[in-house]
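Participant: Would you mind keeping the following structure in view while I ask a few things?
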Amino acid sequence: MREERSFQIARWVVLVPLIIFTVAPLYVMITSAMKPLVDVQGAFQWLPTNFTLQPFIDIWATVPLAKYFGNSLIVSVCATAFSVVIAIFASYAISRYRFRGRGTFSGVVLSTQMFPGVLFLLPLFIIFVNIDKTLGFTFLYQTQVGLIVTYLTFTLPFSIWMLASYMDGIPRDLDEAARVDGTTALGALFRVILPAARPGIIAVAVYSFMTAWGEILFASQMTNSATRTLSVGLQSYATETDVYWNQIMAASLVVSVPVVLGFLLLQRYLVAGLTAGAVK
């Protein structure tokens, strides 16, 4: 009994600072978004004395936030869709078939995660510019298509590896039973494997979307004023003469809503998909 109580005390001693460390920045962000700019730039106050929701209205007029929001949504959704579709077929082939080069392909896919993403910035820039010169028009550089392709280079390898590990945990007897009933390999994939692998697919989708939604390095170099995403567009609230801190906090809260809601709604699927390999 004494050991259990000591464990509970030690747990709270560790958890309370972590909770404070996590919640305090979020609280400051919310309260700063509800203050006039003068109050934010002045002495820090834990509670807003002049409560206002005007920053949530001004964020749409100060910068074209709606356009940035639409660009981020298009790029993130497309990158997620392509990543999930390609990962499904690639992971199914790795999990269910034994072909020449299978081990090499799996090793190469996994090894790409060992390199920092910044190493791919210059090569992708050169490739996109040369392709556009060959085509004679802008197709990849500073376009949404190019940004989608860029994000696929990050999300696809990990998606294939994670989904293949999840499919390895699905009994092969299901495939064989479906084939006995006259179903083709693709039929077994769509009718049997995919329903059983739904948590893994959702985990891949959430990972791909969150990666594309919050990425800033490549988005700052691979976009222009027409294709700029939210992560880059938020910098527009800082001008040469002033920084609209209250609007930055308000805009940060607004752009965080899709990711937070998606994570909360799909949390159990995400945890199941990420832990499938460990359980197996």
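In the structure tokens, chains take the letters A, B, ... in the order shown, each chain's residues start at 1, and ligands count up from 1 in the order shown.
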Could you tell me, as an NGL selection string, which residues of range 16-68 of chain A DSSP assigns to helix (DSSP H, G or I) when given the backbone?

Facilitator: :A and (16-33 or 37-41 or 54-62 or 65-68)

Participant: Produce a file of the selected residues containing N, CA and C atoms, as a CSV table (one decimal), in the first residue's frame.

Facilitator:
chain,number,residue,atom,x,y,z
A,16,VAL,N,2.6,16.8,-13.2
A,16,VAL,CA,2.2,18.2,-13.1
A,16,VAL,C,3.1,19.2,-13.8
A,17,PRO,N,4.5,19.1,-13.7
A,17,PRO,CA,5.3,20.0,-14.5
A,17,PRO,C,5.1,19.8,-16.0
A,18,LEU,N,4.9,18.6,-16.4
A,18,LEU,CA,4.7,18.3,-17.9
A,18,LEU,C,3.4,19.0,-18.3
A,19,ILE,N,2.3,18.8,-17.5
A,19,ILE,CA,1.0,19.5,-17.9
A,19,ILE,C,1.2,21.0,-17.9
A,20,ILE,N,1.9,21.5,-16.9
A,20,ILE,CA,2.0,23.0,-16.9
A,20,ILE,C,2.9,23.4,-18.2
A,21,PHE,N,3.9,22.7,-18.5
A,21,PHE,CA,4.8,23.0,-19.6
A,21,PHE,C,4.0,22.9,-20.9
A,22,THR,N,3.0,22.0,-21.0
A,22,THR,CA,2.2,21.9,-22.2
A,22,THR,C,1.1,22.9,-22.3
A,23,VAL,N,0.4,23.1,-21.2
A,23,VAL,CA,-0.8,23.9,-21.2
A,23,VAL,C,-0.5,25.4,-21.2
A,24,ALA,N,0.6,25.8,-20.5
A,24,ALA,CA,0.9,27.3,-20.4
A,24,ALA,C,1.1,28.0,-21.7
A,25,PRO,N,1.8,27.4,-22.7
A,25,PRO,CA,1.9,28.1,-24.0
A,25,PRO,C,0.6,28.2,-24.7
A,26,LEU,N,-0.3,27.2,-24.6
A,26,LEU,CA,-1.6,27.2,-25.2
A,26,LEU,C,-2.5,28.3,-24.6
A,27,TYR,N,-2.4,28.4,-23.2
A,27,TYR,CA,-3.1,29.4,-22.5
A,27,TYR,C,-2.7,30.8,-22.9
A,28,VAL,N,-1.4,31.0,-23.0
A,28,VAL,CA,-0.9,32.3,-23.5
A,28,VAL,C,-1.3,32.6,-24.9
A,29,MET,N,-1.4,31.6,-25.8
A,29,MET,CA,-1.8,31.9,-27.1
A,29,MET,C,-3.3,32.3,-27.2
A,30,ILE,N,-4.1,31.6,-26.4
A,30,ILE,CA,-5.6,31.9,-26.4
A,30,ILE,C,-5.8,33.3,-25.8
A,31,THR,N,-5.2,33.6,-24.7
A,31,THR,CA,-5.4,34.9,-24.1
A,31,THR,C,-4.9,36.0,-24.9
A,32,SER,N,-3.7,35.8,-25.5
A,32,SER,CA,-3.1,36.9,-26.4
A,32,SER,C,-4.0,37.1,-27.6
A,33,ALA,N,-4.7,36.1,-28.1
A,33,ALA,CA,-5.6,36.3,-29.2
A,33,ALA,C,-6.8,37.1,-28.9
A,37,LEU,N,-3.8,44.8,-29.5
A,37,LEU,CA,-2.4,44.7,-29.8
A,37,LEU,C,-1.6,45.5,-28.7
A,38,VAL,N,-2.2,46.6,-28.2
A,38,VAL,CA,-1.4,47.4,-27.2
A,38,VAL,C,-1.2,46.6,-26.0
A,39,ASP,N,-2.2,45.8,-25.6
A,39,ASP,CA,-2.0,45.0,-24.3
A,39,ASP,C,-1.0,43.9,-24.6
A,40,VAL,N,-1.0,43.3,-25.7
A,40,VAL,CA,0.0,42.2,-26.0
A,40,VAL,C,1.4,42.7,-26.0
A,41,GLN,N,1.6,43.9,-26.6
A,41,GLN,CA,2.9,44.5,-26.7
A,41,GLN,C,3.4,45.1,-25.3
A,54,GLN,N,-11.9,40.9,-31.8
A,54,GLN,CA,-11.6,41.6,-33.0
A,54,GLN,C,-10.4,41.0,-33.8
A,55,PRO,N,-9.4,40.5,-33.1
A,55,PRO,CA,-8.3,39.8,-33.8
A,55,PRO,C,-8.7,38.7,-34.7
A,56,PHE,N,-9.8,37.9,-34.3
A,56,PHE,CA,-10.3,36.8,-35.1
A,56,PHE,C,-11.0,37.3,-36.3
A,57,ILE,N,-11.4,38.6,-36.3
A,57,ILE,CA,-12.0,39.2,-37.5
A,57,ILE,C,-11.0,39.8,-38.4
A,58,ASP,N,-10.0,40.4,-37.8
A,58,ASP,CA,-9.0,41.2,-38.5
A,58,ASP,C,-8.0,40.2,-39.3
A,59,ILE,N,-7.9,39.0,-38.8
A,59,ILE,CA,-6.9,38.1,-39.5
A,59,ILE,C,-7.2,37.8,-40.9
A,60,TRP,N,-8.5,37.9,-41.3
A,60,TRP,CA,-8.9,37.7,-42.7
A,60,TRP,C,-8.6,38.8,-43.6
A,61,ALA,N,-8.5,40.0,-43.0
A,61,ALA,CA,-8.3,41.2,-43.8
A,61,ALA,C,-6.8,41.7,-43.9
A,62,THR,N,-6.1,41.4,-42.8
A,62,THR,CA,-4.7,41.8,-42.8
A,62,THR,C,-3.8,41.1,-43.8
A,65,LEU,N,-5.7,35.3,-45.7
A,65,LEU,CA,-5.6,34.0,-44.9
A,65,LEU,C,-6.5,32.9,-45.6
A,66,ALA,N,-7.7,33.3,-46.1
A,66,ALA,CA,-8.5,32.4,-46.7
A,66,ALA,C,-7.9,31.7,-47.9
A,67,LYS,N,-7.1,32.4,-48.7
A,67,LYS,CA,-6.4,31.9,-49.8
A,67,LYS,C,-5.3,30.9,-49.4
A,68,TYR,N,-4.6,31.3,-48.3
A,68,TYR,CA,-3.6,30.4,-47.8
A,68,TYR,C,-4.2,29.2,-47.2

Participant: Any idea what's packed within 7 Å of range 206-211 of chain A, counting only C-alpha atoms, ignoring anything in its chain fewer than 6 positions away? Could you give it as a list in words?

Facilitator: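 My list of contacting residues is Ser76, Val77, Thr80, Thr155 and Val259 of chain A.
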
Participant: With C-alpha atoms retained, export the selected residues as a JSON list (two decimals), in the first residue's frame.

Facilitator:
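For reference, out14.json as written:
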[["chain", "number", "residue", "atom", "x", "y", "z"],
["A", 76, "SER", "CA", -2.51, 18.47, -47.79],
["A", 77, "VAL", "CA", -5.57, 16.56, -49.01],
["A", 80, "THR", "CA", -2.57, 12.52, -48.27],
["A", 155, "THR", "CA", 5.32, 10.80, -46.29],
["A", 259, "VAL", "CA", -5.60, 19.12, -37.33]]

Participant: Would you kindly return, as a PyMOL selection string, each protein, DNA or RNA residue with an atom no farther than 10 Å from any atom of Asn130 in chain A, considering only C-alpha atoms and excluding same-chain residues fewer than 5 positions away?

Facilitator: chain A and resi 124-125+135-136+140-141

Participant: Okay, now the selection with N, CA and C atoms, as an mmCIF file, in the first residue's frame?

Facilitator:
data_model
loop_
_atom_site.group_PDB
_atom_site.id
_atom_site.type_symbol
_atom_site.label_atom_id
_atom_site.label_comp_id
_atom_site.auth_asym_id
_atom_site.auth_seq_id
_atom_site.Cartn_x
_atom_site.Cartn_y
_atom_site.Cartn_z
ATOM 1 N N LEU A 124 15.622 18.699 -55.268
ATOM 2 C CA LEU A 124 14.267 18.863 -55.778
ATOM 3 C C LEU A 124 14.124 20.183 -56.538
ATOM 4 N N PHE A 125 14.766 21.227 -56.017
ATOM 5 C CA PHE A 125 14.722 22.518 -56.707
ATOM 6 C C PHE A 125 15.309 22.399 -58.117
ATOM 7 N N LEU A 135 9.737 21.345 -70.345
ATOM 8 C CA LEU A 135 8.338 21.421 -70.769
ATOM 9 C C LEU A 135 8.012 22.768 -71.403
ATOM 10 N N GLY A 136 8.728 23.792 -71.007
ATOM 11 C CA GLY A 136 8.462 25.118 -71.560
ATOM 12 C C GLY A 136 7.422 25.906 -70.795
ATOM 13 N N LEU A 140 6.040 22.409 -62.025
ATOM 14 C CA LEU A 140 6.415 21.897 -60.709
ATOM 15 C C LEU A 140 6.927 22.983 -59.765
ATOM 16 N N TYR A 141 7.799 23.853 -60.245
ATOM 17 C CA TYR A 141 8.404 24.834 -59.354
ATOM 18 C C TYR A 141 7.406 25.930 -58.992
#

Participant: Please identify every residue of range 115-177 of chain A that has at least one atom no farther than 12 Å from an atom of range 82-92 of chain A, counting only C-alpha atoms, and for each give the shortest atom pair and the distance in Å to one decimal, arranged by chain then increasing number, as a Markdown table.

Facilitator:
| residue | atom | partner | partner_atom | distance |
| --- | --- | --- | --- | --- |
| A:Val145 | CA | A:Phe82 | CA | 11.7 |
| A:Ile148 | CA | A:Phe82 | CA | 8.8 |
| A:Val149 | CA | A:Phe82 | CA | 9.3 |
| A:Thr150 | CA | A:Ser83 | CA | 11.4 |
| A:Tyr151 | CA | A:Ser83 | CA | 9.0 |
| A:Leu152 | CA | A:Ser83 | CA | 6.2 |
| A:Thr153 | CA | A:Ser83 | CA | 9.3 |
| A:Phe154 | CA | A:Ser83 | CA | 9.6 |
| A:Thr155 | CA | A:Ser83 | CA | 6.7 |
| A:Leu156 | CA | A:Ser83 | CA | 5.3 |
| A:Pro157 | CA | A:Ala87 | CA | 8.1 |
| A:Phe158 | CA | A:Ala87 | CA | 9.0 |
| A:Ser159 | CA | A:Ala87 | CA | 5.9 |
| A:Ile160 | CA | A:Ala87 | CA | 4.7 |
| A:Trp161 | CA | A:Ser91 | CA | 7.0 |
| A:Met162 | CA | A:Ser91 | CA | 8.4 |
| A:Leu163 | CA | A:Ser91 | CA | 5.9 |
| A:Ala164 | CA | A:Ser91 | CA | 4.3 |
| A:Ser165 | CA | A:Ser91 | CA | 8.1 |
| A:Tyr166 | CA | A:Ser91 | CA | 9.0 |
| A:Met167 | CA | A:Tyr92 | CA | 7.0 |
| A:Asp168 | CA | A:Tyr92 | CA | 8.9 |
| A:Gly169 | CA | A:Tyr92 | CA | 11.9 |
| A:Ile170 | CA | A:Tyr92 | CA | 10.9 |
| A:Arg172 | CA | A:Tyr92 | CA | 11.6 |
| A:Asp175 | CA | A:Tyr92 | CA | 11.3 |

Participant: Which residue, A:Leu47, A:Ala226, A:Val129, A:Val75, has the smallest gap to Trp213 in chain A when you use only C-alpha atoms?

Facilitator: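 Once distances to Trp213 in chain A are computed over only C-alpha atoms, the minimum belongs to A:Val75.
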
Participant: Let me make sure I understand: among A:Val13, A:Gln45, A:Arg179, A:Val63, which one has the smallest atom-to-atom distance to Tyr237 in chain A if we use only C-alpha atoms?

Facilitator: A:Val63

Participant: Might you pull out every residue within 9 Å of Ala188 in chain A, with only C-alpha atoms counted and same-chain residues fewer than 3 positions away left off, and present them as a list of chain:residue names?

Facilitator: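 So the residues in contact are A:Leu174, A:Asp175, A:Glu176, A:Ala178, A:Arg179, A:Thr183, A:Thr184, A:Ala185, A:Arg191, A:Val192, A:Ile193, A:Leu194.
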
Participant: Keeping N, CA and C atoms for every residue in the selection just given, could you write it to a file as an mmCIF file, in the first residue's frame?

Facilitator:
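Below is the file that was written, result20.cif:
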data_model
loop_
_atom_site.group_PDB
_atom_site.id
_atom_site.type_symbol
_atom_site.label_atom_id
_atom_site.label_comp_id
_atom_site.auth_asym_id
_atom_site.auth_seq_id
_atom_site.Cartn_x
_atom_site.Cartn_y
_atom_site.Cartn_z
ATOM 1 N N LEU A 174 -7.202 -15.183 -44.452
ATOM 2 C CA LEU A 174 -8.277 -14.375 -45.025
ATOM 3 C C LEU A 174 -8.099 -14.235 -46.529
ATOM 4 N N ASP A 175 -6.856 -14.032 -46.963
ATOM 5 C CA ASP A 175 -6.592 -13.946 -48.402
ATOM 6 C C ASP A 175 -6.931 -15.264 -49.085
ATOM 7 N N GLU A 176 -6.474 -16.350 -48.477
ATOM 8 C CA GLU A 176 -6.692 -17.663 -49.092
ATOM 9 C C GLU A 176 -8.174 -17.995 -49.154
ATOM 10 N N ALA A 178 -10.616 -15.866 -49.405
ATOM 11 C CA ALA A 178 -11.201 -15.036 -50.456
ATOM 12 C C ALA A 178 -10.854 -15.578 -51.837
ATOM 13 N N ARG A 179 -9.624 -16.072 -52.013
ATOM 14 C CA ARG A 179 -9.228 -16.624 -53.304
ATOM 15 C C ARG A 179 -9.977 -17.911 -53.609
ATOM 16 N N THR A 183 -12.331 -14.839 -55.607
ATOM 17 C CA THR A 183 -11.941 -13.439 -55.658
ATOM 18 C C THR A 183 -10.516 -13.301 -56.190
ATOM 19 N N THR A 184 -10.282 -12.297 -56.990
ATOM 20 C CA THR A 184 -8.937 -12.037 -57.505
ATOM 21 C C THR A 184 -8.071 -11.415 -56.417
ATOM 22 N N ALA A 185 -6.805 -11.207 -56.746
ATOM 23 C CA ALA A 185 -5.889 -10.604 -55.777
ATOM 24 C C ALA A 185 -6.333 -9.190 -55.401
ATOM 25 N N ARG A 191 -11.746 -6.122 -50.621
ATOM 26 C CA ARG A 191 -12.877 -6.658 -49.867
ATOM 27 C C ARG A 191 -12.486 -7.246 -48.520
ATOM 28 N N VAL A 192 -11.231 -7.649 -48.385
ATOM 29 C CA VAL A 192 -10.820 -8.339 -47.156
ATOM 30 C C VAL A 192 -9.737 -7.560 -46.413
ATOM 31 N N ILE A 193 -8.648 -7.245 -47.112
ATOM 32 C CA ILE A 193 -7.484 -6.659 -46.443
ATOM 33 C C ILE A 193 -7.755 -5.227 -45.994
ATOM 34 N N LEU A 194 -8.297 -4.409 -46.882
ATOM 35 C CA LEU A 194 -8.505 -3.006 -46.538
ATOM 36 C C LEU A 194 -9.456 -2.802 -45.357
#

Participant: Neighbouring residues of Asn71 in chain A were defined as those with any atom within 8 Å, considering only C-alpha atoms; residues of the same chain fewer than 5 positions away were excluded. Please report them as a list in words.

Facilitator: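 With the cut-off at 8 Å, the set is Gln144, Thr227, Arg228, Thr229 and Leu230 of chain A.
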
Participant: Using CA of Asn50 in chain A and CA of Pro36 in chain A as the two end points, give the distance in Å to one decimal.

Facilitator: 7.0 Å

Participant: Using only C-alpha atoms, can you tell me which of A:Pro64, A:Gly103, A:Gly146, A:Gly214 comes closest to Val255 in chain A?

Facilitator: A:Gly214

Participant: Tell me, in Å to one decimal, how far CA of Leu53 in chain A is from CA of Asn246 in chain A.

Facilitator: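 Pair CA of Leu53 in chain A / CA of Asn246 in chain A returns 10.0 Å.
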
Participant: Quick one: pull the distance between CA of Val204 in chain A and CA of Leu266 in chain A, Å, one decimal.

Facilitator: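 If I compute the distance from CA of Val204 in chain A to CA of Leu266 in chain A, I get 11.3 Å.
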